[in-house]
Structures are given as C-alpha cells and as structure tokens.
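Here is the file my_file-v9.txt (compact mmCIF, C-alpha atoms and all ligand atoms).
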```
# COMPACT_ATOMS: atom_id res chain seq x y z
CA SER A 6 97.55 117.10 69.02
CA TRP A 7 97.47 117.44 72.81
CA THR A 8 96.44 120.81 74.25
CA ALA A 9 95.93 121.75 77.87
CA ASP A 10 92.53 123.35 77.17
CA ALA A 11 91.24 120.24 75.46
CA PHE A 12 92.57 118.07 78.28
CA VAL A 13 90.80 120.23 80.88
CA GLU A 14 87.52 120.13 79.01
CA THR A 15 87.56 116.36 78.60
CA ALA A 16 88.85 115.71 82.12
CA VAL A 17 86.20 117.89 83.76
CA SER A 18 83.34 116.23 81.89
CA THR A 19 84.74 112.74 82.52
CA LEU A 20 85.09 113.54 86.24
CA LYS A 21 81.56 114.93 86.40
CA GLU A 22 80.21 111.78 84.87
CA LYS A 23 82.32 109.47 87.01
CA LEU A 24 81.72 111.25 90.33
CA GLY A 25 78.20 112.61 89.98
CA ASN A 26 77.20 113.91 93.44
CA ASP A 27 79.84 111.87 95.25
CA HIS A 28 82.19 113.40 97.81
CA VAL A 29 85.97 113.20 97.38
CA ILE A 30 88.68 113.70 99.98
CA MET A 31 92.24 114.60 99.15
CA ALA A 32 95.51 115.54 100.84
CA LEU A 33 97.31 118.55 99.38
CA SER A 34 101.02 119.18 99.79
CA GLY A 35 101.47 122.62 98.26
CA GLY A 36 103.23 120.96 95.34
CA VAL A 37 102.32 121.28 91.69
CA ASP A 38 100.71 117.86 91.16
CA SER A 39 98.33 117.75 94.10
CA THR A 40 97.36 121.39 93.57
CA VAL A 41 96.54 120.98 89.88
CA ALA A 42 94.66 117.72 90.56
CA ALA A 43 92.60 119.48 93.23
CA VAL A 44 91.76 122.46 91.02
CA LEU A 45 90.64 120.11 88.26
CA LEU A 46 88.46 118.11 90.67
CA HIS A 47 87.11 121.33 92.10
CA GLN A 48 86.04 122.46 88.62
CA ALA A 49 84.18 119.20 88.21
CA ILE A 50 82.52 118.79 91.62
CA GLY A 51 83.01 122.07 93.53
CA LYS A 52 82.43 121.88 97.27
CA ASN A 53 82.09 118.09 97.16
CA LEU A 54 85.88 118.04 97.05
CA HIS A 55 87.27 118.16 100.60
CA CYS A 56 90.97 119.04 100.79
CA ILE A 57 93.27 118.49 103.75
CA PHE A 58 96.62 120.21 104.20
CA VAL A 59 98.74 118.83 107.04
CA ASP A 60 101.47 120.98 108.57
CA HIS A 61 104.11 118.52 109.77
CA GLY A 62 106.28 121.41 110.97
CA LEU A 63 108.93 120.56 108.38
CA LEU A 64 107.89 122.89 105.59
CA ARG A 65 109.80 126.01 104.54
CA LYS A 66 109.50 129.22 106.53
CA ASP A 67 105.88 130.53 106.49
CA GLU A 68 105.01 128.05 103.76
CA TYR A 69 102.06 126.50 105.57
CA GLU A 70 100.30 129.84 106.04
CA GLN A 71 101.08 131.06 102.52
CA VAL A 72 100.00 127.87 100.77
CA LEU A 73 96.83 127.57 102.85
CA GLU A 74 96.01 131.16 101.94
CA SER A 75 96.52 130.48 98.22
CA TYR A 76 94.29 127.42 98.42
CA ARG A 77 91.55 129.45 100.06
CA HIS A 78 92.03 132.12 97.42
CA MET A 79 91.50 129.49 94.70
CA GLY A 80 88.15 128.72 96.30
CA LEU A 81 89.14 125.22 97.41
CA ASN A 82 87.27 123.67 100.29
CA ILE A 83 90.42 123.24 102.40
CA LYS A 84 91.07 122.32 105.99
CA GLY A 85 94.49 122.96 107.54
CA VAL A 86 95.76 120.64 110.25
CA ASN A 87 98.46 122.00 112.51
CA ALA A 88 100.23 118.80 113.53
CA LYS A 89 103.69 120.27 114.17
CA GLU A 90 104.02 119.31 117.80
CA ARG A 91 102.83 115.76 117.21
CA PHE A 92 105.40 115.23 114.45
CA TYR A 93 108.24 116.75 116.52
CA GLN A 94 107.23 114.53 119.40
CA LYS A 95 107.28 111.37 117.30
CA LEU A 96 110.61 112.32 115.69
CA SER A 97 112.30 113.19 118.93
CA GLY A 98 115.56 111.27 119.37
CA VAL A 99 115.43 109.72 115.88
CA SER A 100 118.38 110.28 113.56
CA GLU A 101 118.39 107.44 111.02
CA PRO A 102 117.00 108.74 107.67
CA GLU A 103 114.76 105.78 106.77
CA HIS A 104 113.42 105.67 110.30
CA LYS A 105 112.50 109.36 110.01
CA ARG A 106 110.71 108.67 106.72
CA LYS A 107 108.73 105.79 108.23
CA ILE A 108 107.67 107.85 111.23
CA ILE A 109 106.61 110.76 109.05
CA GLY A 110 104.72 108.52 106.63
CA ALA A 111 102.84 106.80 109.46
CA ALA A 112 102.13 110.07 111.30
CA PHE A 113 100.87 111.61 108.06
CA ILE A 114 98.44 108.74 107.56
CA ASP A 115 97.18 109.13 111.14
CA GLU A 116 96.59 112.85 110.66
CA PHE A 117 94.87 112.35 107.34
CA ASP A 118 92.69 109.57 108.73
CA THR A 119 91.59 111.76 111.64
CA ALA A 120 90.88 114.69 109.31
CA ALA A 121 88.94 112.42 106.94
CA HIS A 122 86.74 111.23 109.81
CA ALA A 123 86.09 114.84 110.79
CA VAL A 124 85.02 115.66 107.23
CA GLN A 125 82.72 112.63 107.17
CA SER A 126 81.16 113.50 110.51
CA GLU A 127 80.23 116.96 109.25
CA LEU A 128 78.32 115.63 106.25
CA PRO A 129 74.56 115.11 106.48
CA ALA A 130 73.44 111.61 107.48
CA GLY A 131 73.43 109.18 104.58
CA ILE A 132 76.09 111.02 102.60
CA GLU A 133 79.45 109.29 102.55
CA VAL A 134 82.83 110.26 101.22
CA LYS A 135 83.44 107.65 98.51
CA TRP A 136 86.64 108.70 96.82
CA LEU A 137 90.26 109.51 97.58
CA GLY A 138 91.71 112.09 95.18
CA GLN A 139 95.40 111.83 94.33
CA GLY A 140 97.85 113.93 92.34
CA THR A 141 99.57 110.88 90.82
CA ILE A 142 101.17 111.67 87.46
CA TYR A 143 102.24 109.27 84.72
CA PRO A 144 105.88 108.83 85.85
CA ASP A 145 104.53 107.83 89.32
CA VAL A 146 102.43 105.17 87.64
CA ILE A 147 105.32 103.65 85.73
CA GLU A 148 107.82 103.80 88.58
CA SER A 149 107.07 101.30 91.29
CA VAL A 150 107.78 103.80 94.04
CA SER A 151 107.16 107.44 93.36
CA VAL A 152 109.07 110.04 95.28
CA ASN A 153 106.96 113.14 95.28
CA GLY A 154 104.23 114.25 97.60
CA PRO A 155 101.88 112.75 100.13
CA SER A 156 100.34 110.46 97.51
CA ALA A 157 103.67 108.67 97.40
CA THR A 158 103.76 108.51 101.18
CA ILE A 159 100.40 106.81 101.14
CA LYS A 160 101.46 104.34 98.47
CA SER A 161 104.69 103.31 100.09
CA HIS A 162 102.98 102.63 103.39
CA HIS A 163 99.71 101.08 102.47
CA ASN A 164 100.83 97.54 102.93
CA VAL A 165 101.82 98.09 106.55
CA GLY A 166 99.37 96.57 109.03
CA GLY A 167 95.64 97.41 109.03
CA LEU A 168 94.46 99.96 106.52
CA PRO A 169 93.14 103.29 107.76
CA ASP A 170 89.53 103.92 106.78
CA PHE A 171 90.32 106.30 103.94
CA MET A 172 92.23 103.52 102.19
CA LYS A 173 88.93 101.74 101.61
CA LEU A 174 87.91 104.60 99.33
CA LYS A 175 88.00 104.35 95.58
CA VAL A 176 90.88 106.29 94.08
CA VAL A 177 90.51 109.09 91.53
CA GLU A 178 93.71 110.31 89.84
CA PRO A 179 92.87 112.85 87.13
CA LEU A 180 96.52 113.50 86.15
CA ASN A 181 97.72 109.93 85.85
CA THR A 182 98.26 110.15 82.08
CA LEU A 183 100.31 113.36 82.21
CA PHE A 184 103.99 114.21 82.39
CA LYS A 185 105.21 117.01 84.65
CA ASP A 186 105.42 119.63 81.89
CA GLU A 187 101.87 118.79 80.84
CA VAL A 188 100.69 119.13 84.44
CA ARG A 189 102.18 122.65 84.49
CA LYS A 190 100.38 123.50 81.23
CA VAL A 191 97.10 122.17 82.60
CA GLY A 192 97.66 124.18 85.78
CA LYS A 193 98.22 127.29 83.70
CA ALA A 194 95.07 126.65 81.67
CA LEU A 195 93.18 126.31 84.98
CA GLY A 196 94.53 129.65 86.19
CA VAL A 197 96.79 128.27 88.94
CA ALA A 198 99.24 130.99 90.04
CA PRO A 199 102.71 130.90 88.39
CA ASN A 200 104.43 130.91 91.79
CA ILE A 201 102.76 127.59 92.56
CA LEU A 202 103.34 126.05 89.13
CA GLY A 203 107.01 127.05 89.14
CA ARG A 204 107.85 125.69 92.57
CA HIS A 205 110.86 123.48 93.00
CA PRO A 206 110.18 119.85 93.96
CA PHE A 207 110.18 119.42 97.73
CA PRO A 208 110.42 116.05 99.47
CA GLY A 209 107.39 114.76 101.38
CA PRO A 210 109.38 114.45 104.64
CA GLY A 211 110.49 118.05 104.08
CA LEU A 212 113.20 119.52 106.25
CA ALA A 213 113.37 116.29 108.28
CA ILE A 214 115.75 114.86 105.70
CA ARG A 215 117.66 118.15 105.41
CA ILE A 216 118.50 118.19 109.11
CA LEU A 217 121.13 115.49 109.32
CA GLY A 218 120.76 113.54 112.52
CA GLU A 219 118.27 114.35 115.23
CA ILE A 220 115.51 116.90 114.57
CA THR A 221 114.66 119.59 117.11
CA PRO A 222 112.28 122.54 116.73
CA GLU A 223 115.27 124.85 117.23
CA LYS A 224 117.18 123.27 114.33
CA VAL A 225 114.07 123.53 112.17
CA ARG A 226 113.81 127.22 112.99
CA ILE A 227 117.48 127.90 112.21
CA LEU A 228 117.28 125.95 108.94
CA GLN A 229 114.08 127.73 107.88
CA GLU A 230 115.70 131.13 108.42
CA ALA A 231 118.82 130.21 106.43
CA ASP A 232 116.82 128.55 103.65
CA ASP A 233 114.52 131.55 103.39
CA ILE A 234 117.52 133.82 102.76
CA TYR A 235 118.89 131.37 100.17
CA ILE A 236 115.63 130.95 98.25
CA ARG A 237 114.81 134.67 98.36
CA ASN A 238 118.23 135.47 96.88
CA LEU A 239 117.72 132.88 94.15
CA ARG A 240 114.40 134.51 93.28
CA GLU A 241 115.73 138.06 93.38
CA SER A 242 118.73 137.20 91.19
CA GLY A 243 116.64 135.35 88.61
CA TRP A 244 118.31 132.00 89.40
CA TYR A 245 115.28 130.33 90.97
CA ASP A 246 113.69 129.43 87.63
CA ARG A 247 116.99 128.24 86.20
CA VAL A 248 117.47 125.71 88.97
CA TRP A 249 115.50 122.45 89.12
CA GLN A 250 115.71 122.15 92.88
CA ALA A 251 117.47 124.06 95.64
CA GLY A 252 117.59 123.75 99.38
CA THR A 253 119.63 124.24 102.52
CA ILE A 254 120.97 121.41 104.67
CA PHE A 255 121.67 121.58 108.39
CA LEU A 256 124.86 119.65 109.13
CA PRO A 257 125.39 117.69 112.32
CA VAL A 258 128.69 119.37 113.14
CA GLN A 259 129.75 122.56 114.83
CA SER A 260 132.74 124.54 113.76
CA VAL A 261 134.85 127.29 115.27
CA GLY A 262 134.43 130.87 114.15
CA VAL A 263 135.19 134.34 115.40
CA MET A 264 132.89 137.29 115.98
CA GLY A 265 134.33 140.56 117.31
CA ASP A 266 136.93 139.22 119.70
CA GLU A 267 134.85 136.25 120.71
CA ARG A 268 135.41 132.70 119.60
CA THR A 269 132.20 131.07 118.40
CA TYR A 270 131.39 127.37 118.11
CA GLU A 271 128.28 127.07 116.00
CA HIS A 272 126.43 125.23 113.25
CA VAL A 273 127.22 124.79 109.55
CA VAL A 274 124.70 124.80 106.71
CA ALA A 275 125.26 123.54 103.17
CA LEU A 276 123.58 125.08 100.14
CA ARG A 277 122.45 122.77 97.35
CA ALA A 278 121.26 123.72 93.84
CA VAL A 279 120.90 121.20 91.04
CA GLY A 280 119.81 121.03 87.45
CA SER A 281 117.84 117.94 86.44
CA LEU A 282 115.02 116.71 84.22
CA ASP A 283 113.43 114.13 86.47
CA GLY A 284 115.50 113.90 89.65
CA MET A 285 117.08 110.61 88.53
CA THR A 286 120.33 112.31 87.61
CA ALA A 287 121.37 115.82 88.56
CA ASP A 288 124.24 118.25 88.09
CA TRP A 289 125.27 120.81 90.65
CA ILE A 290 124.65 124.34 89.42
CA HIS A 291 127.50 126.81 88.98
CA LEU A 292 125.94 129.72 90.86
CA PRO A 293 127.96 132.93 90.52
CA TYR A 294 130.54 133.50 93.27
CA GLU A 295 129.11 136.98 93.95
CA LEU A 296 125.67 135.52 94.60
CA LEU A 297 127.09 132.80 96.86
CA ALA A 298 129.08 135.43 98.75
CA LYS A 299 125.98 137.57 99.29
CA ILE A 300 123.93 134.60 100.51
CA SER A 301 126.69 133.39 102.82
CA ASN A 302 127.12 136.84 104.38
CA GLU A 303 123.41 137.30 104.87
CA ILE A 304 122.98 133.90 106.49
CA ILE A 305 125.93 134.28 108.84
CA ASN A 306 125.00 137.85 109.78
CA HIS A 307 121.29 137.25 110.30
CA VAL A 308 120.81 133.69 111.46
CA LYS A 309 121.87 133.23 115.02
CA GLY A 310 123.48 129.82 115.50
CA ILE A 311 125.21 129.60 112.10
CA ASN A 312 128.81 130.68 111.60
CA ARG A 313 129.72 128.79 108.42
CA VAL A 314 128.15 128.18 105.00
CA VAL A 315 129.41 125.66 102.43
CA TYR A 316 128.31 124.90 98.87
CA ASP A 317 127.66 121.35 97.67
CA ILE A 318 129.53 120.63 94.42
CA SER A 319 128.47 117.00 93.99
CA SER A 320 126.40 115.61 91.13
CA LYS A 321 124.03 112.65 91.07
CA PRO A 322 125.24 109.96 90.66
CA PRO A 323 127.21 109.18 92.71
CA ALA A 324 125.80 111.68 95.23
CA THR A 325 122.03 112.13 95.62
CA ILE A 326 120.09 115.40 95.57
CA GLU A 327 119.13 115.18 99.24
CA TRP A 328 121.75 114.40 101.88
CA GLU A 329 119.61 111.78 103.60
P1 LIG B 401 117.51 111.98 95.79
O1 LIG B 401 117.97 112.55 97.09
O2 LIG B 401 117.13 110.54 95.91
O3 LIG B 401 116.18 112.75 95.41
O4 LIG B 401 118.49 112.22 94.67
C1 LIG B 401 115.52 112.69 94.17
C2 LIG B 401 114.25 113.52 94.27
O5 LIG B 401 113.36 112.90 95.20
C3 LIG B 401 113.09 113.76 96.29
N1 LIG B 401 113.05 112.93 97.50
C4 LIG B 401 111.92 112.60 98.15
N2 LIG B 401 110.62 112.94 97.91
N3 LIG B 401 109.96 111.68 99.78
C5 LIG B 401 109.65 112.47 98.73
O6 LIG B 401 108.47 112.76 98.55
C6 LIG B 401 111.23 111.30 100.08
O7 LIG B 401 111.46 110.58 101.05
C7 LIG B 401 112.26 111.79 99.20
N4 LIG B 401 113.59 111.62 99.18
C8 LIG B 401 114.06 112.34 98.13
C9 LIG B 401 114.21 114.76 96.30
O8 LIG B 401 113.83 115.99 96.93
C10 LIG B 401 114.47 114.93 94.81
O9 LIG B 401 113.52 115.79 94.21
```
Please render this file's structure as structure tokens.
Amino acid sequence: SWTADAFVETAVSTLKEKLGNDHVIMALSGGVDSTVAAVLLHQAIGKNLHCIFVDHGLLRKDEYEQVLESYRHMGLNIKGVNAKERFYQKLSGVSEPEHKRKIIGAAFIDEFDTAAHAVQSELPAGIEVKWLGQGTIYPDVIESVSVNGPSATIKSHHNVGGLPDFMKLKVVEPLNTLFKDEVRKVGKALGVAPNILGRHPFPGPGLAIRILGEITPEKVRILQEADDIYIRNLRESGWYDRVWQAGTIFLPVQSVGVMGDERTYEHVVALRAVGSLDGMTADWIHLPYELLAKISNEIINHVKGINRVVYDISSKPPATIEWE
C-alpha cells in the first residue's frame, strides 16, 4: 500500500536519475503543492534547483517576508522578486475580474522570465537550465484548467502569443500522480512545517480578486489589515483548521456609520469561510456569533477606513467561493 516515505524514496531516486547534474528552475507560490514539489526536487538535486518567489503585492499581510524566510530556512536556493509596484501599475484602472486575471498572469510570466534569465546568466558558461519544475498534482492533470498556483497561471496562458524562453524548458512535475491529502503526507515526511502544509488554498491572483472593482495600494493595505485580524482570530479560536478556505473581501461600496458624534462614510468588508473537499462545491461555515462579534469589533476599531463588516452566508453553487 501507498506510504509517504516509500513515495519520497522512489521519487528522489527517480528524479536523481532523470535530472543527473541538470539545473531546474521553478516558481514557488507559498502554497502546499509548489513547496512540497520544491523540497522533493531539492532533496534530489540540491543547489541545482533554482526557486523564484514573485511578490505581486497581492499576498496576505507580511506573507511575502514570512514565506521567503521559511524557504530560506528549508535550505532552498530561493530568489525573491519584489514586483509589487509593477503589478499595481499594470492593474491601475482595471476593474473587470477576468481582465485582472489576464494582466496578472501575463505580468507573472514576464517576472518569471526575467528572473529565469538572471539565474541562467549567473551559471558558469556551458551550463544551461534545462528544466521547469512545477507543483502540478493529479487533479490538475485531469482537469483541463487547474485553479491553484502559478503553475496554473502558466498553463492557462501558454498559448498566448510567443512563448517566453522558460517555456522551451522540459517540464518536471514530481507530484503529478498525487492527490492533495497525499501531497500533505509527503510534505510531512519531508519535514515541511505544519503551518505551511495546513495553509488554506489561496488564489494565484491573490487579493486582486478579493478587492471588487479597481485595485489601489491603499485598498490592498486596508484589506490586508482586516484579513490579518480575521485569520489570526480563526487561528487563535481553533477554527482555522476546521475551515477549508477563509478570506476577507473588500466591497466597492461605502456606507454610513457613526463614531463619537461624527458621521463616517467608509468601506465595507465581507468575511468568507467555507467548508469544501475540492473547491468545486462549498458550504458556508457557521462560525460562532461570539467569534464573529469579536472579529467585527477588532476590524472596525483597528482598521482605519472600515466602518462595517458583513458575513457571507452563501454556498457554492450557486455562489462561488471568491467574489470575482
Ligand atoms: P471559486 O471562486 O471558483 O473558487 O468557487 C474555487 C477555488 O479556486 C480558487 N480560485 C483561483 N485560484 N486562480 C487561482 O489560482 C484564480 O484565478 C482563481 N479563482 C478562484 C479559489 O480561491 C477557490 O479555492
């Protein structure tokens, strides 16, 4: 029967044989799949694996720094790319959800292509990066379009115009026979930290599709603050691990409130928490009223610019998990 230890042993020796002294480049997202794939590749080929982590400025609060630090801690050969301003620039004035996704996908490919060239240029003459590592898992293989992580972003865009150079690489996908729960077990066997293995799914376009309408750095900042309070409270109350995915949504409306004897006219955020097995269907989670009350108070009292918090009680279908 299948065990994670046996999988790791076989996968590492297969990768060693397949890759020999070749160099591999790979984009990491901070998510479970790409992280576990990278650790596995790293066990097989060590420093010949070159990882790139792009900050599109649409991650959770402090996530870029924390994830980069964990990657370094794991011994991965990782390069962070701070591309925030370039993404904000390209997204400026755009409010249609699919348009945002296209811009982010294309900008991500540009950043990765540039980073891949930089990696190549630092290698000794005659040594070429030959492979593109990807965290593709079995459900991604069987679905025509996968939804998670930068690997999906690459796939859904690679028939648009001329291919970037890294697309000419051969692809290595060490997890493409595994289901999500098996990926977590493999990650555990490899010693990947529980806080990484237990992370909720997070969409590739990140907060861009949780800010309804136009994205501005100020809205990103407000949303990150509110979301940080929400997620921290879920963790502290023990609800984080009982929820499949949770997040905060910045609504494109302002509403009237009152503070002291002043009338306020500020933003609204919605909290979302769902239970699901695969994201295809999802039920909204009945979080306790006391917990919701605490989160709402904390957000309204601490996040300047928000005077109202609502809770999303819609299931999928007919709603979706994300609002865009
Ligand atoms: P929906 O909103 O379609 O989401 O019910 C189902 C799952 O997919 C994630 N999602 C995305 N992931 N790029 C991604 O990488 C996307 O554009 C995207 N849109 C939705 C969503 O977070 C949920 O886990």
One decimal, in Å: what's the spacing between atom CA of Lys224 of chain A and atom CA of Leu212 of chain A?
9.8 Å
Go through A:Val314, A:Leu45, A:Leu81, A:Ile214 one by one, measure the shortest atom-to-atom distance of each to ligand LIG 401 (chain B) using only C-alpha atoms and all ligand atoms, and give the residue with the smallest value.
A:Ile214
Please compute the atom CA of Lys309 of chain A-atom CA of Thr269 of chain A distance, one decimal, in Å.
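If I compute the distance from atom CA of Lys309 of chain A to atom CA of Thr269 of chain A, I get 11.1 Å.
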When distances are computed from only C-alpha atoms and all ligand atoms, which of A:Lys190, A:Lys175, A:His104, A:Lys23 shows the smallest separation from ligand LIG 401 (chain B)?
A:His104
Find the spatial neighbours of Ala32 of chain A, counting all atoms listed in the file, within a cut-off of 9 Å - ignore same-chain residues fewer than 4 positions away - and output them as an mmCIF file with C-alpha atoms, keeping the file's coordinate frame.
```cif
data_model
loop_
_atom_site.group_PDB
_atom_site.id
_atom_site.type_symbol
_atom_site.label_atom_id
_atom_site.label_comp_id
_atom_site.auth_asym_id
_atom_site.auth_seq_id
_atom_site.Cartn_x
_atom_site.Cartn_y
_atom_site.Cartn_z
ATOM 1 C CA SER A 39 98.330 117.750 94.100
ATOM 2 C CA HIS A 55 87.270 118.160 100.600
ATOM 3 C CA CYS A 56 90.970 119.040 100.790
ATOM 4 C CA ILE A 57 93.270 118.490 103.750
ATOM 5 C CA PHE A 58 96.620 120.210 104.200
ATOM 6 C CA VAL A 59 98.740 118.830 107.040
ATOM 7 C CA PHE A 117 94.870 112.350 107.340
ATOM 8 C CA LEU A 137 90.260 109.510 97.580
ATOM 9 C CA GLY A 138 91.710 112.090 95.180
ATOM 10 C CA GLN A 139 95.400 111.830 94.330
ATOM 11 C CA GLY A 140 97.850 113.930 92.340
ATOM 12 C CA PRO A 155 101.880 112.750 100.130
ATOM 13 C CA SER A 156 100.340 110.460 97.510
#
```
Pick from A:Gly80, A:Gly85, A:Pro222, A:Pro102: nearest to ligand LIG 401 (chain B), with all atoms listed in the file counted?
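The answer is A:Pro102, which sits nearest to ligand LIG 401 (chain B).
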Residue nearest ligand LIG 401 (chain B) among A:His122, A:Lys107, A:Lys173, A:Lys95 (counting only C-alpha atoms and all ligand atoms)
A:Lys107
Atomic distance atom C2 of ligand LIG 401 (chain B) - atom CA of Gln250 of chain A, expressed in Å with one decimal
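If I compute the distance from atom C2 of ligand LIG 401 (chain B) to atom CA of Gln250 of chain A, I get 8.9 Å.
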Pick the closest to Ile83 of chain A from A:Ile114, A:Val124, A:Ile234, A:Val99: which is it, counting only C-alpha atoms?
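Counting only C-alpha atoms, the residue closest to Ile83 of chain A is A:Val124.
Take the candidates A:Gly203, A:Pro144, A:Pro322, A:Gly98 and check each one against Gly218 of chain A using only C-alpha atoms; the shortest distance goes to A:Gly98.
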Hey, could you pull the box centre and edge lengths for segment 124-133 of chain A, axis-aligned, 5 Å padding per side, all listed atoms, to one decimal in Å, as lines of an AutoDock Vina configuration file?
```
center_x = 79.2
center_y = 113.1
center_z = 106.5
size_x = 21.6
size_y = 17.8
size_z = 18.0
```
Contacts of Gly35 of chain A at 8 Å or less, counting only C-alpha atoms, minus same-chain residues fewer than 4 places along, as a ChimeraX atom specification?
/A:39-40,72,201
Quick one: residues within 9 Å of Lys105 of chain A, only C-alpha atoms, excluding same-chain residues fewer than 3 positions away - as JSON, numbers by chain?
{"A": [96, 99, 100, 101, 102, 108, 109, 110, 210, 213, 214]}
Dump as a tab-separated table the rows for residues of segment 51-156 of chain A within 10 Å of segment 226-233 of chain A: closest atom pair and distance in Å with one decimal, only C-alpha atoms counted, ordered by chain and rising residue number.
```
residue	atom	partner	partner_atom	distance
A:Gly62	CA	A:Arg226	CA	9.7
A:Leu63	CA	A:Gln229	CA	8.8
A:Leu64	CA	A:Gln229	CA	8.2
A:Arg65	CA	A:Gln229	CA	5.7
A:Lys66	CA	A:Gln229	CA	5.0
A:Asp67	CA	A:Gln229	CA	8.8
A:Glu68	CA	A:Gln229	CA	10.0
```
Write out as a list in words the residues lying within 12 Å of Trp7 of chain A, counting only C-alpha atoms and excluding same-chain residues fewer than 6 positions away.
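Counting only C-alpha atoms, the residues come to Val13, Thr15, Thr182, Leu183, Glu187, Lys190 and Val191 of chain A.
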